[in-house]
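With JSON, C-alpha atoms and all ligand atoms inside, this is coords35.json:
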[["chain", "number", "residue", "atom", "x", "y", "z"],
["A", 1, "MET", "CA", -5.23, -25.46, -4.04],
["A", 2, "ALA", "CA", -6.69, -21.95, -3.69],
["A", 3, "GLU", "CA", -9.05, -21.28, -0.84],
["A", 4, "LEU", "CA", -9.57, -19.23, 2.30],
["A", 5, "ARG", "CA", -9.25, -20.82, 5.72],
["A", 6, "TYR", "CA", -10.58, -19.12, 8.82],
["A", 7, "ASN", "CA", -8.48, -18.69, 11.95],
["A", 8, "PRO", "CA", -11.08, -18.53, 14.73],
["A", 9, "LEU", "CA", -8.45, -17.59, 17.34],
["A", 10, "ILE", "CA", -7.47, -14.42, 15.53],
["A", 11, "GLY", "CA", -10.77, -13.90, 13.72],
["A", 12, "ASP", "CA", -9.40, -13.47, 10.24],
["A", 13, "TRP", "CA", -9.05, -15.35, 6.94],
["A", 14, "VAL", "CA", -5.83, -16.82, 5.54],
["A", 15, "MET", "CA", -5.28, -17.23, 1.81],
["A", 16, "ILE", "CA", -4.07, -20.73, 0.97],
["A", 17, "ALA", "CA", -2.56, -20.52, -2.49],
["A", 18, "SER", "CA", -0.41, -23.58, -3.01],
["A", 19, "HIS", "CA", -0.70, -23.28, -6.79],
["A", 20, "ARG", "CA", 1.56, -20.24, -6.53],
["A", 21, "GLN", "CA", 4.41, -22.64, -5.74],
["A", 22, "ASN", "CA", 4.19, -23.85, -9.33],
["A", 23, "ARG", "CA", 5.13, -20.49, -10.78],
["A", 24, "PRO", "CA", 7.69, -21.12, -13.54],
["A", 25, "GLN", "CA", 11.28, -20.05, -13.03],
["A", 26, "MET", "CA", 11.68, -16.96, -15.18],
["A", 27, "PRO", "CA", 14.60, -17.08, -17.60],
["A", 28, "LYS", "CA", 17.34, -14.76, -16.39],
["A", 29, "ASP", "CA", 17.52, -11.40, -18.15],
["A", 30, "TRP", "CA", 13.94, -11.72, -19.30],
["A", 31, "CYS", "CA", 11.17, -9.48, -18.00],
["A", 32, "PRO", "CA", 7.50, -10.28, -18.66],
["A", 33, "PHE", "CA", 6.61, -6.65, -17.85],
["A", 34, "CYS", "CA", 8.72, -5.00, -20.55],
["A", 35, "PRO", "CA", 6.69, -3.76, -23.57],
["A", 36, "GLY", "CA", 6.09, -6.49, -26.14],
["A", 37, "GLU", "CA", 7.00, -9.28, -23.68],
["A", 38, "GLY", "CA", 4.75, -11.58, -21.67],
["A", 39, "LYS", "CA", 1.15, -12.39, -22.40],
["A", 40, "ASN", "CA", -0.68, -9.09, -22.49],
["A", 41, "VAL", "CA", 1.93, -6.42, -22.43],
["A", 42, "GLN", "CA", 2.19, -4.36, -25.60],
["A", 43, "ASP", "CA", 3.01, -0.70, -25.87],
["A", 44, "TYR", "CA", 1.97, 1.18, -22.76],
["A", 45, "ASP", "CA", 2.62, 4.10, -20.40],
["A", 46, "VAL", "CA", 0.99, 2.51, -17.36],
["A", 47, "LEU", "CA", -0.88, -0.78, -17.46],
["A", 48, "GLU", "CA", -3.10, -3.09, -15.45],
["A", 49, "TYR", "CA", -2.10, -6.72, -15.89],
["A", 50, "ASP", "CA", -4.01, -9.62, -14.34],
["A", 51, "ASN", "CA", -1.75, -11.62, -12.04],
["A", 52, "ASP", "CA", -0.93, -14.94, -13.73],
["A", 53, "PHE", "CA", -0.82, -16.81, -10.42],
["A", 54, "PRO", "CA", -3.47, -15.09, -8.34],
["A", 55, "ALA", "CA", -4.22, -15.97, -4.73],
["A", 56, "LEU", "CA", -7.76, -14.59, -5.29],
["A", 57, "MET", "CA", -10.04, -15.03, -8.30],
["A", 58, "LEU", "CA", -13.40, -13.67, -9.41],
["A", 59, "GLU", "CA", -14.40, -17.23, -10.32],
["A", 60, "PRO", "CA", -12.53, -19.23, -7.67],
["A", 61, "PRO", "CA", -12.44, -23.03, -7.56],
["A", 62, "MET", "CA", -14.36, -24.87, -4.86],
["A", 63, "PRO", "CA", -12.29, -25.25, -1.68],
["A", 64, "ASP", "CA", -10.73, -28.67, -1.08],
["A", 65, "ASP", "CA", -12.67, -31.06, 1.10],
["A", 66, "VAL", "CA", -10.89, -30.14, 4.33],
["A", 67, "ALA", "CA", -13.49, -28.17, 6.31],
["A", 68, "ARG", "CA", -14.62, -29.80, 9.55],
["A", 69, "GLY", "CA", -17.25, -28.80, 12.07],
["A", 70, "GLU", "CA", -17.43, -25.37, 13.62],
["A", 71, "LEU", "CA", -13.71, -24.73, 13.84],
["A", 72, "PHE", "CA", -12.25, -25.57, 10.45],
["A", 73, "LYS", "CA", -14.04, -23.28, 8.02],
["A", 74, "THR", "CA", -13.10, -22.74, 4.38],
["A", 75, "ALA", "CA", -14.39, -20.31, 1.76],
["A", 76, "PRO", "CA", -13.70, -19.86, -1.95],
["A", 77, "ALA", "CA", -10.69, -17.64, -2.67],
["A", 78, "ALA", "CA", -12.92, -14.98, -4.20],
["A", 79, "GLY", "CA", -11.41, -11.66, -5.20],
["A", 80, "LYS", "CA", -8.87, -10.41, -7.70],
["A", 81, "CYS", "CA", -5.11, -9.88, -7.94],
["A", 82, "GLU", "CA", -3.78, -7.34, -10.39],
["A", 83, "VAL", "CA", -0.34, -6.06, -11.30],
["A", 84, "ILE", "CA", 0.04, -2.37, -12.07],
["A", 85, "LEU", "CA", 2.97, -1.53, -14.33],
["A", 86, "TYR", "CA", 4.28, 1.96, -13.60],
["A", 87, "SER", "CA", 6.31, 2.52, -16.74],
["A", 88, "PRO", "CA", 7.63, 0.74, -19.86],
["A", 89, "LYS", "CA", 11.17, 1.48, -18.61],
["A", 90, "HIS", "CA", 12.67, -1.53, -16.90],
["A", 91, "THR", "CA", 14.93, 0.17, -14.36],
["A", 92, "ILE", "CA", 13.18, 3.46, -13.59],
["A", 93, "THR", "CA", 11.64, 3.89, -10.12],
["A", 94, "LEU", "CA", 8.63, 5.80, -8.83],
["A", 95, "PRO", "CA", 10.43, 8.98, -7.69],
["A", 96, "GLU", "CA", 12.32, 9.18, -11.01],
["A", 97, "LEU", "CA", 9.12, 9.28, -13.07],
["A", 98, "PRO", "CA", 8.00, 12.72, -14.31],
["A", 99, "LEU", "CA", 4.99, 14.20, -12.52],
["A", 100, "THR", "CA", 2.78, 13.91, -15.60],
["A", 101, "HIS", "CA", 3.58, 10.19, -15.68],
["A", 102, "ILE", "CA", 2.90, 9.62, -11.98],
["A", 103, "THR", "CA", -0.42, 11.40, -12.55],
["A", 104, "LYS", "CA", -1.24, 8.75, -15.19],
["A", 105, "LEU", "CA", -0.44, 6.07, -12.64],
["A", 106, "VAL", "CA", -2.76, 7.69, -10.09],
["A", 107, "ARG", "CA", -5.53, 7.83, -12.71],
["A", 108, "LEU", "CA", -5.07, 4.12, -13.38],
["A", 109, "TRP", "CA", -5.27, 3.40, -9.63],
["A", 110, "GLN", "CA", -8.47, 5.47, -9.49],
["A", 111, "GLU", "CA", -9.94, 3.55, -12.43],
["A", 112, "ARG", "CA", -9.04, 0.16, -10.95],
["A", 113, "PHE", "CA", -10.32, 1.14, -7.51],
["A", 114, "THR", "CA", -13.65, 2.17, -9.03],
["A", 115, "ALA", "CA", -13.88, -0.98, -11.19],
["A", 116, "LEU", "CA", -13.02, -3.40, -8.37],
["A", 117, "SER", "CA", -15.36, -1.59, -5.93],
["A", 118, "ARG", "CA", -18.21, -2.54, -8.25],
["A", 119, "GLU", "CA", -17.44, -6.26, -8.05],
["A", 120, "GLU", "CA", -20.00, -7.75, -5.74],
["A", 121, "LYS", "CA", -17.58, -10.29, -4.29],
["A", 122, "ILE", "CA", -14.95, -7.70, -3.35],
["A", 123, "LYS", "CA", -15.16, -5.97, 0.04],
["A", 124, "TYR", "CA", -11.75, -4.37, 0.26],
["A", 125, "VAL", "CA", -9.51, -3.01, -2.51],
["A", 126, "PHE", "CA", -5.89, -2.85, -1.41],
["A", 127, "LEU", "CA", -3.38, -0.96, -3.57],
["A", 128, "PHE", "CA", 0.26, -1.53, -2.68],
["A", 129, "GLU", "CA", 3.85, -1.71, -3.84],
["A", 130, "ASN", "CA", 6.61, -3.98, -2.58],
["A", 131, "ARG", "CA", 9.99, -2.61, -3.47],
["A", 132, "GLY", "CA", 13.43, -4.20, -3.02],
["A", 133, "ASP", "CA", 14.96, -7.63, -2.47],
["A", 134, "VAL", "CA", 14.40, -7.35, 1.27],
["A", 135, "VAL", "CA", 10.64, -7.52, 0.76],
["A", 136, "GLY", "CA", 10.93, -10.36, -1.74],
["A", 137, "VAL", "CA", 10.73, -8.51, -5.02],
["A", 138, "THR", "CA", 12.58, -10.36, -7.73],
["A", 139, "MET", "CA", 11.44, -8.23, -10.67],
["A", 140, "PRO", "CA", 13.02, -4.76, -10.73],
["A", 141, "HIS", "CA", 10.57, -3.51, -13.36],
["A", 142, "PRO", "CA", 8.59, -0.80, -11.54],
["A", 143, "HIS", "CA", 5.23, -2.19, -10.54],
["A", 144, "GLY", "CA", 2.68, -2.29, -7.79],
["A", 145, "GLN", "CA", -0.20, -4.65, -7.09],
["A", 146, "ILE", "CA", -3.86, -4.61, -6.21],
["A", 147, "TYR", "CA", -5.60, -7.23, -4.11],
["A", 148, "GLY", "CA", -9.38, -7.19, -4.09],
["A", 149, "TYR", "CA", -10.31, -9.18, -0.98],
["A", 150, "SER", "CA", -13.70, -10.76, -0.36],
["A", 151, "TRP", "CA", -13.45, -9.73, 3.30],
["A", 152, "VAL", "CA", -12.12, -6.73, 5.22],
["A", 153, "PRO", "CA", -8.63, -7.72, 6.47],
["A", 154, "LEU", "CA", -7.91, -7.39, 10.17],
["A", 155, "ARG", "CA", -5.66, -4.31, 10.23],
["A", 156, "VAL", "CA", -8.15, -2.42, 8.06],
["A", 157, "LYS", "CA", -11.03, -3.66, 10.19],
["A", 158, "ARG", "CA", -9.31, -2.40, 13.32],
["A", 159, "LYS", "CA", -8.72, 1.04, 11.77],
["A", 160, "LEU", "CA", -12.34, 1.13, 10.71],
["A", 161, "GLU", "CA", -13.69, 0.25, 14.15],
["A", 162, "ASN", "CA", -11.47, 2.77, 15.92],
["A", 163, "SER", "CA", -12.20, 5.61, 13.51],
["A", 164, "ALA", "CA", -15.95, 4.88, 13.75],
["A", 165, "ALA", "CA", -15.81, 4.85, 17.56],
["A", 166, "TYR", "CA", -13.89, 8.16, 17.60],
["A", 167, "PHE", "CA", -16.46, 9.69, 15.28],
["A", 168, "THR", "CA", -19.34, 8.50, 17.48],
["A", 169, "LYS", "CA", -17.66, 9.96, 20.57],
["A", 170, "ASN", "CA", -16.37, 13.28, 19.14],
["A", 171, "GLY", "CA", -18.35, 13.87, 15.95],
["A", 172, "ARG", "CA", -15.10, 14.35, 14.04],
["A", 173, "CYS", "CA", -12.78, 12.34, 11.78],
["A", 174, "ILE", "CA", -9.85, 10.88, 13.71],
["A", 175, "TYR", "CA", -7.49, 11.28, 10.74],
["A", 176, "CYS", "CA", -8.38, 14.98, 10.36],
["A", 177, "ASP", "CA", -7.72, 15.45, 14.08],
["A", 178, "ILE", "CA", -4.43, 13.52, 13.99],
["A", 179, "LEU", "CA", -3.15, 15.66, 11.13],
["A", 180, "LYS", "CA", -4.23, 18.83, 12.95],
["A", 181, "GLU", "CA", -2.24, 17.74, 16.01],
["A", 182, "GLU", "CA", 0.78, 16.73, 13.93],
["A", 183, "MET", "CA", 0.74, 20.09, 12.11],
["A", 184, "ALA", "CA", 0.41, 21.97, 15.40],
["A", 185, "ASP", "CA", 3.33, 20.05, 16.90],
["A", 186, "GLY", "CA", 5.40, 20.10, 13.72],
["A", 187, "ARG", "CA", 8.27, 17.92, 14.91],
["A", 188, "ARG", "CA", 7.31, 14.91, 12.85],
["A", 189, "ILE", "CA", 6.25, 16.70, 9.66],
["A", 190, "VAL", "CA", 8.49, 15.79, 6.73],
["A", 191, "PHE", "CA", 6.95, 17.89, 3.92],
["A", 192, "GLU", "CA", 3.72, 19.34, 2.69],
["A", 193, "ASN", "CA", 2.43, 20.47, -0.67],
["A", 194, "SER", "CA", -0.84, 22.08, -1.70],
["A", 195, "HIS", "CA", -3.12, 19.18, -0.67],
["A", 196, "PHE", "CA", -0.98, 16.57, 1.12],
["A", 197, "VAL", "CA", 1.22, 16.20, 4.18],
["A", 198, "GLY", "CA", 4.01, 13.64, 4.62],
["A", 199, "TYR", "CA", 4.77, 12.92, 8.26],
["A", 200, "LEU", "CA", 6.15, 10.33, 10.62],
["A", 201, "PRO", "CA", 3.25, 9.35, 12.88],
["A", 202, "PHE", "CA", 3.66, 9.88, 16.64],
["A", 203, "TRP", "CA", 3.38, 6.11, 17.24],
["A", 204, "THR", "CA", 5.16, 4.74, 14.18],
["A", 205, "ASP", "CA", 7.04, 1.50, 14.81],
["A", 206, "TYR", "CA", 8.96, 1.80, 11.52],
["A", 207, "PRO", "CA", 11.96, 4.17, 11.82],
["A", 208, "TYR", "CA", 11.22, 5.64, 8.38],
["A", 209, "GLY", "CA", 7.50, 4.84, 8.24],
["A", 210, "ILE", "CA", 6.20, 7.94, 6.47],
["A", 211, "SER", "CA", 2.45, 8.47, 6.28],
["A", 212, "LEU", "CA", 0.85, 10.52, 3.55],
["A", 213, "GLN", "CA", -2.52, 12.13, 4.03],
["A", 214, "PRO", "CA", -4.70, 14.69, 2.26],
["A", 215, "LYS", "CA", -5.26, 17.86, 4.30],
["A", 216, "GLN", "CA", -8.94, 17.87, 3.44],
["A", 217, "HIS", "CA", -11.29, 15.11, 4.45],
["A", 218, "ILE", "CA", -11.30, 12.75, 1.45],
["A", 219, "THR", "CA", -12.45, 9.15, 1.82],
["A", 220, "ASN", "CA", -11.17, 7.45, -1.31],
["A", 221, "ILE", "CA", -8.61, 7.90, -4.07],
["A", 222, "ASN", "CA", -11.36, 8.28, -6.67],
["A", 223, "ASP", "CA", -12.85, 11.24, -4.75],
["A", 224, "PHE", "CA", -9.85, 13.46, -5.58],
["A", 225, "THR", "CA", -10.43, 16.56, -7.68],
["A", 226, "GLU", "CA", -8.16, 17.11, -10.70],
["A", 227, "ASP", "CA", -6.02, 19.41, -8.59],
["A", 228, "GLN", "CA", -5.80, 16.94, -5.71],
["A", 229, "THR", "CA", -4.87, 14.13, -8.11],
["A", 230, "LYS", "CA", -1.87, 16.15, -9.35],
["A", 231, "SER", "CA", -0.93, 17.16, -5.84],
["A", 232, "PHE", "CA", -1.11, 13.51, -4.78],
["A", 233, "ALA", "CA", 1.21, 12.51, -7.65],
["A", 234, "GLU", "CA", 3.67, 15.13, -6.44],
["A", 235, "ALA", "CA", 3.38, 13.96, -2.82],
["A", 236, "LEU", "CA", 4.09, 10.36, -3.93],
["A", 237, "LYS", "CA", 7.20, 11.53, -5.74],
["A", 238, "TYR", "CA", 8.30, 13.45, -2.64],
["A", 239, "ALA", "CA", 7.69, 10.59, -0.20],
["A", 240, "SER", "CA", 9.44, 7.89, -2.27],
["A", 241, "GLY", "CA", 12.18, 10.33, -3.34],
["A", 242, "THR", "CA", 12.81, 11.31, 0.28],
["A", 243, "LEU", "CA", 13.37, 7.67, 1.21],
["A", 244, "ASP", "CA", 15.83, 7.23, -1.68],
["A", 245, "ALA", "CA", 17.66, 10.42, -0.71],
["A", 246, "LEU", "CA", 18.28, 9.09, 2.82],
["A", 247, "TYR", "CA", 21.25, 6.96, 1.76],
["A", 248, "ASN", "CA", 21.40, 8.01, -1.85],
["A", 249, "LYS", "CA", 20.20, 4.64, -3.15],
["A", 250, "PRO", "CA", 16.86, 2.95, -3.78],
["A", 251, "PHE", "CA", 15.42, 2.30, -0.34],
["A", 252, "PRO", "CA", 13.23, -0.79, 0.06],
["A", 253, "TYR", "CA", 9.68, -0.25, 1.20],
["A", 254, "MET", "CA", 6.18, -1.58, 1.37],
["A", 255, "MET", "CA", 3.79, 1.19, 0.33],
["A", 256, "CYS", "CA", 0.15, 0.64, 1.31],
["A", 257, "LEU", "CA", -2.79, 2.77, 0.18],
["A", 258, "TYR", "CA", -5.75, 2.75, 2.51],
["A", 259, "ASN", "CA", -9.12, 3.45, 0.97],
["A", 260, "ALA", "CA", -12.38, 2.77, 2.80],
["A", 261, "PRO", "CA", -13.81, -0.75, 2.63],
["A", 262, "VAL", "CA", -16.25, -1.28, -0.25],
["A", 263, "ASP", "CA", -18.47, -3.60, 1.79],
["A", 264, "GLY", "CA", -21.61, -1.50, 1.42],
["A", 265, "GLY", "CA", -21.09, 0.21, 4.79],
["A", 266, "ASP", "CA", -21.31, 3.97, 5.29],
["A", 267, "HIS", "CA", -17.69, 4.88, 6.10],
["A", 268, "GLY", "CA", -17.43, 8.28, 4.39],
["A", 269, "LYS", "CA", -17.54, 10.48, 7.49],
["A", 270, "HIS", "CA", -14.86, 8.68, 9.48],
["A", 271, "TRP", "CA", -12.58, 7.05, 6.89],
["A", 272, "HIS", "CA", -9.90, 9.34, 5.52],
["A", 273, "PHE", "CA", -7.67, 8.19, 2.65],
["A", 274, "HIS", "CA", -4.04, 7.70, 3.68],
["A", 275, "ILE", "CA", -0.83, 5.90, 2.75],
["A", 276, "GLU", "CA", 1.55, 4.13, 5.06],
["A", 277, "PHE", "CA", 5.11, 3.32, 4.02],
["A", 278, "PHE", "CA", 6.75, 0.42, 5.84],
["A", 279, "PRO", "CA", 10.45, 0.54, 4.95],
["A", 280, "PRO", "CA", 12.04, -2.60, 6.44],
["A", 281, "MET", "CA", 15.39, -0.90, 7.21],
["A", 282, "ARG", "CA", 16.52, 1.02, 10.27],
["A", 283, "SER", "CA", 19.70, 2.33, 8.66],
["A", 284, "ASP", "CA", 21.65, 2.07, 5.44],
["A", 285, "THR", "CA", 22.56, -1.60, 6.03],
["A", 286, "LYS", "CA", 20.59, -2.73, 9.08],
["A", 287, "GLN", "CA", 17.30, -4.44, 8.54],
["A", 288, "LYS", "CA", 14.41, -3.99, 10.93],
["A", 289, "PHE", "CA", 13.32, -7.55, 11.61],
["A", 290, "ASN", "CA", 9.84, -8.32, 12.76],
["A", 291, "ALA", "CA", 10.88, -10.93, 15.31],
["A", 292, "SER", "CA", 9.07, -12.70, 18.17],
["A", 293, "SER", "CA", 7.57, -9.70, 19.93],
["A", 294, "GLU", "CA", 6.31, -8.12, 16.72],
["A", 295, "THR", "CA", 5.20, -11.34, 15.06],
["A", 296, "GLY", "CA", 4.14, -13.44, 18.02],
["A", 297, "ALA", "CA", 2.62, -10.83, 20.29],
["A", 298, "TRP", "CA", 1.98, -8.00, 17.81],
["A", 299, "ALA", "CA", 3.85, -5.82, 20.29],
["A", 300, "ALA", "CA", 5.73, -3.39, 18.09],
["A", 301, "CYS", "CA", 9.04, -1.78, 18.99],
["A", 302, "ASN", "CA", 10.69, 1.19, 17.31],
["A", 303, "PRO", "CA", 14.42, 1.29, 18.05],
["A", 304, "THR", "CA", 14.58, 5.00, 17.09],
["A", 305, "ALA", "CA", 13.00, 8.30, 18.19],
["A", 306, "PRO", "CA", 10.42, 9.40, 15.61],
["A", 307, "GLU", "CA", 11.28, 13.09, 16.16],
["A", 308, "GLU", "CA", 14.94, 12.43, 15.29],
["A", 309, "LYS", "CA", 14.08, 10.29, 12.27],
["A", 310, "ALA", "CA", 11.64, 12.96, 11.05],
["A", 311, "ALA", "CA", 14.48, 15.51, 11.17],
["A", 312, "GLU", "CA", 16.62, 13.12, 9.09],
["A", 313, "LEU", "CA", 13.76, 12.67, 6.64],
["A", 314, "ARG", "CA", 13.31, 16.46, 6.35],
["A", 315, "GLU", "CA", 16.98, 16.79, 5.39],
["A", 316, "ALA", "CA", 16.65, 13.95, 2.87],
["A", 317, "TYR", "CA", 13.55, 15.65, 1.43],
["A", 318, "ALA", "CA", 15.48, 18.91, 1.02],
["A", 319, "ARG", "CA", 18.26, 17.04, -0.83],
["A", 320, "PHE", "CA", 15.76, 15.24, -3.05],
["A", 321, "VAL", "CA", 13.97, 18.45, -4.04],
["A", 322, "LYS", "CA", 17.25, 20.26, -4.67],
["A", 323, "ASN", "CA", 18.57, 17.45, -6.91],
["A", 324, "ALA", "CA", 15.25, 17.02, -8.72],
["A", 325, "LYS", "CA", 15.41, 20.64, -9.90],
["B", 401, "ZN", "ZN", 11.04, -5.00, -17.62],
["B", 402, "ZN", "ZN", -10.81, 13.25, 7.82]]

Would you encode the structure as structure tokens?
Ligand SMILES: [Zn+2]
Ligand SMILES: [Zn+2]
Amino acid sequence: MAELRYNPLIGDWVMIASHRQNRPQMPKDWCPFCPGEGKNVQDYDVLEYDNDFPALMLEPPMPDDVARGELFKTAPAAGKCEVILYSPKHTITLPELPLTHITKLVRLWQERFTALSREEKIKYVFLFENRGDVVGVTMPHPHGQIYGYSWVPLRVKRKLENSAAYFTKNGRCIYCDILKEEMADGRRIVFENSHFVGYLPFWTDYPYGISLQPKQHITNINDFTEDQTKSFAEALKYASGTLDALYNKPFPYMMCLYNAPVDGGDHGKHWHFHIEFFPPMRSDTKQKFNASSETGAWAACNPTAPEEKAAELREAYARFVKNAK
């Protein structure tokens, strides 16, 4: 069964993908992402690989016969799920990759974003990486994913509405203004390079939830100039390397890239490309659980002071840069 079901109380779609339960148990010590293994993977630097058990498909099956009246709506699970392999090396991680290699990864993201934007059924292209056991990653081989959704998911929709409203009221981009304020305050800035700033947002609910944002107003990843693309690769290395330098070990995270929706709307003036990291730890060994308040009420709680955590992150960044040299 693969279909979308609508939750009219929340106003968003849920992907029902029961066929994903039937994924085969991988043999131990075997990796389908290593060069020469799996179905499609040959020799590569970076590679797009269609997800073998996708929750969303360009040619989805008809939903099961479960819809009923006004309240129980279904829709085909239209969209696409891709895997992005970062490197042929099985154990390397994002911050360990050379800059020239991360630049190749960014170019592949740009290509895939452009290609999926052109699919009529896709309204939002979501690039992300889950890293670490804590977020359910079983395959250490460095990889990210892309989901092309046939609707604009709720968190993105909310960001879109609020940035559009701010633009209507002030005539300026909310992200540009936020970065200006963060830079002026300075206490939550972690690093900056020629085109990007890494900072801990004023309101972050994740103790180490770094955001990454271009200094100039850029809407989408495929709008970067050559120079900005390289600077972005460097900023990615810095942000992920900073997290690893915190406790001198690979730090789990969810890394989410936010481009504008590709739903035909005119979002260029008020949508500003950005990344949010959601590391699910609040210290070396303590996990940050999203429990009843966070999950049931969507009332977030940060058990730490962002200004203190930003200072810690700045020190980790300094260690990372020193060791990388
Ligand atoms: Zn591998
Ligand atoms: Zn902006």

Point to revise | Test item: residues at most 7 Å from A:Tyr208, all atoms listed in the file, excluding those fewer than 2 positions along its chain, as a list in words | key: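 Surrounding residues, per the criterion: Tyr206, Ile210, Pro279 and Lys309 of chain A.
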
Write out as JSON lines a residue-level contact list of chain A versus ligand ZN 401 (chain B) with cut-off 9 Å: for each qualifying residue the closest pair of atoms and the distance in Å to one decimal, counting all atoms listed in the file, rows sorted by chain and residue number upward.
{"residue": "A:Trp30", "atom": "CA", "partner": "B:ZN401", "partner_atom": "ZN", "distance": 7.5}
{"residue": "A:Cys31", "atom": "CA", "partner": "B:ZN401", "partner_atom": "ZN", "distance": 4.5}
{"residue": "A:Pro32", "atom": "CA", "partner": "B:ZN401", "partner_atom": "ZN", "distance": 6.4}
{"residue": "A:Phe33", "atom": "CA", "partner": "B:ZN401", "partner_atom": "ZN", "distance": 4.7}
{"residue": "A:Cys34", "atom": "CA", "partner": "B:ZN401", "partner_atom": "ZN", "distance": 3.7}
{"residue": "A:Pro35", "atom": "CA", "partner": "B:ZN401", "partner_atom": "ZN", "distance": 7.5}
{"residue": "A:Glu37", "atom": "CA", "partner": "B:ZN401", "partner_atom": "ZN", "distance": 8.4}
{"residue": "A:Ser87", "atom": "CA", "partner": "B:ZN401", "partner_atom": "ZN", "distance": 8.9}
{"residue": "A:Pro88", "atom": "CA", "partner": "B:ZN401", "partner_atom": "ZN", "distance": 7.0}
{"residue": "A:Lys89", "atom": "CA", "partner": "B:ZN401", "partner_atom": "ZN", "distance": 6.6}
{"residue": "A:His90", "atom": "CA", "partner": "B:ZN401", "partner_atom": "ZN", "distance": 3.9}
{"residue": "A:Thr91", "atom": "CA", "partner": "B:ZN401", "partner_atom": "ZN", "distance": 7.2}
{"residue": "A:Met139", "atom": "CA", "partner": "B:ZN401", "partner_atom": "ZN", "distance": 7.7}
{"residue": "A:Pro140", "atom": "CA", "partner": "B:ZN401", "partner_atom": "ZN", "distance": 7.2}
{"residue": "A:His141", "atom": "CA", "partner": "B:ZN401", "partner_atom": "ZN", "distance": 4.5}
{"residue": "A:Pro142", "atom": "CA", "partner": "B:ZN401", "partner_atom": "ZN", "distance": 7.8}

**Study point:** Who sits within 12 Å of A:Phe320, all atoms listed in the file, same chain under 6 positions skipped, as a ChimeraX atom specification
**Key:** /A:95-96,191,237-249,313-314

**Study point:** Protein and nucleic acid residues within 6 Å of ligand ZN 402 (chain B) (only C-alpha atoms and all ligand atoms) as a list in words
**Key:**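 Sorted by chain and then by number, the residues are Cys173, Tyr175, Cys176, His217 and His272 of chain A.
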
Exercise for review: Might you pull out every residue within 7 Å of A:Ala17, with only C-alpha atoms counted and same-chain residues fewer than 2 positions away left off, and present them as a ChimeraX atom specification?
Suggested key: /A:1-3,15,19-20,55

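Going from atom CA of A:Glu182 to atom CA of A:Ala299 covers 23.6 Å.
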
Review point. Mind pulling up the distance from atom CA of A:His143 to atom CA of A:Arg131?
Key: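 Distance reported for this atom pair: 8.5 Å.
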
Practice item. Could you tell me which of A:Ile218, A:Ala310, A:Met254, A:Val134 comes closest to A:Phe289 if we count all atoms listed in the file? Key: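 The shortest atom-to-atom distance to A:Phe289 comes from A:Val134.
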
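Between A:Ser117 and the residues A:Asn162, A:Asn302, A:Ser150, A:Ser293, the shortest atom-to-atom distance, using all atoms listed in the file, involves A:Ser150.
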
Point to revise | Atom-to-atom span, atom CA of A:Asp133 and atom CA of A:Phe113, Å | key: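 Separating atom CA of A:Asp133 from atom CA of A:Phe113 is a distance of 27.2 Å.
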
**Study point:** Minimum-distance residue to A:Phe224, chosen among A:Thr103, A:Glu120, A:Gly186, A:Ala324 (using all atoms listed in the file)
**Key:**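 Distance minimum relative to A:Phe224 lands on A:Thr103.
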
Report as AutoDock Vina command-line options the centre and the edge lengths, in Å to one decimal, of the axis-aligned box holding every listed atom of stretch 83-88 of chain A, padded by 6 Å on each side.
--center_x 3.6 --center_y -1.8 --center_z -15.6 --size_x 20.0 --size_y 20.6 --size_z 20.6

Check your understanding: Using only C-alpha atoms, which residue out of A:Pro252, A:Gly265, A:Gly296, A:Gly11 lies closest to A:Arg158?
Key ->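 For A:Arg158, the nearest of the given residues is A:Gly11.
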
Check your understanding: Of the candidates A:Thr74, A:Gln110, A:Thr229, A:Asn323, which one gets nearest to A:Asp12 if we count only C-alpha atoms?
Key -> A:Thr74

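Of the residues under consideration (A:Gly144, A:Pro261, A:Gly198, A:Gly36), A:Gly144 shows the shortest atom-to-atom contact distance to A:Asn51 when counting all atoms listed in the file.
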
Within 6 Å of A:Gly79 using all atoms listed in the file, minus same-chain residues under 4 positions, as a PDB file with C-alpha atoms, keeping the file's coordinate frame:
ATOM      1  CA  LEU A  56      -7.760 -14.590  -5.290  1.00  0.00           C
ATOM      2  CA  MET A  57     -10.040 -15.030  -8.300  1.00  0.00           C
ATOM      3  CA  LEU A  58     -13.400 -13.670  -9.410  1.00  0.00           C
ATOM      4  CA  ILE A 122     -14.950  -7.700  -3.350  1.00  0.00           C
ATOM      5  CA  GLY A 148      -9.380  -7.190  -4.090  1.00  0.00           C
ATOM      6  CA  TYR A 149     -10.310  -9.180  -0.980  1.00  0.00           C
ATOM      7  CA  SER A 150     -13.700 -10.760  -0.360  1.00  0.00           C
TER       8      SER A 150
END

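By only C-alpha atoms, and with residues fewer than 5 positions from A:Ala165 along its chain excluded, the set lying at most 12 Å from it is Arg158, Lys159, Leu160, Asn170, Gly171, Arg172, Cys173, Ile174, His267, Lys269, His270 and Trp271 of chain A.
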
Hey, can you spit out that residue selection with C-alpha atoms as a short mmCIF file (atom, residue, chain, number, x, y, z; two decimals), in the frame of the given file?
data_model
loop_
_atom_site.label_atom_id
_atom_site.label_comp_id
_atom_site.auth_asym_id
_atom_site.auth_seq_id
_atom_site.Cartn_x
_atom_site.Cartn_y
_atom_site.Cartn_z
CA ARG A 158 -9.31 -2.40 13.32
CA LYS A 159 -8.72 1.04 11.77
CA LEU A 160 -12.34 1.13 10.71
CA ASN A 170 -16.37 13.28 19.14
CA GLY A 171 -18.35 13.87 15.95
CA ARG A 172 -15.10 14.35 14.04
CA CYS A 173 -12.78 12.34 11.78
CA ILE A 174 -9.85 10.88 13.71
CA HIS A 267 -17.69 4.88 6.10
CA LYS A 269 -17.54 10.48 7.49
CA HIS A 270 -14.86 8.68 9.48
CA TRP A 271 -12.58 7.05 6.89
#
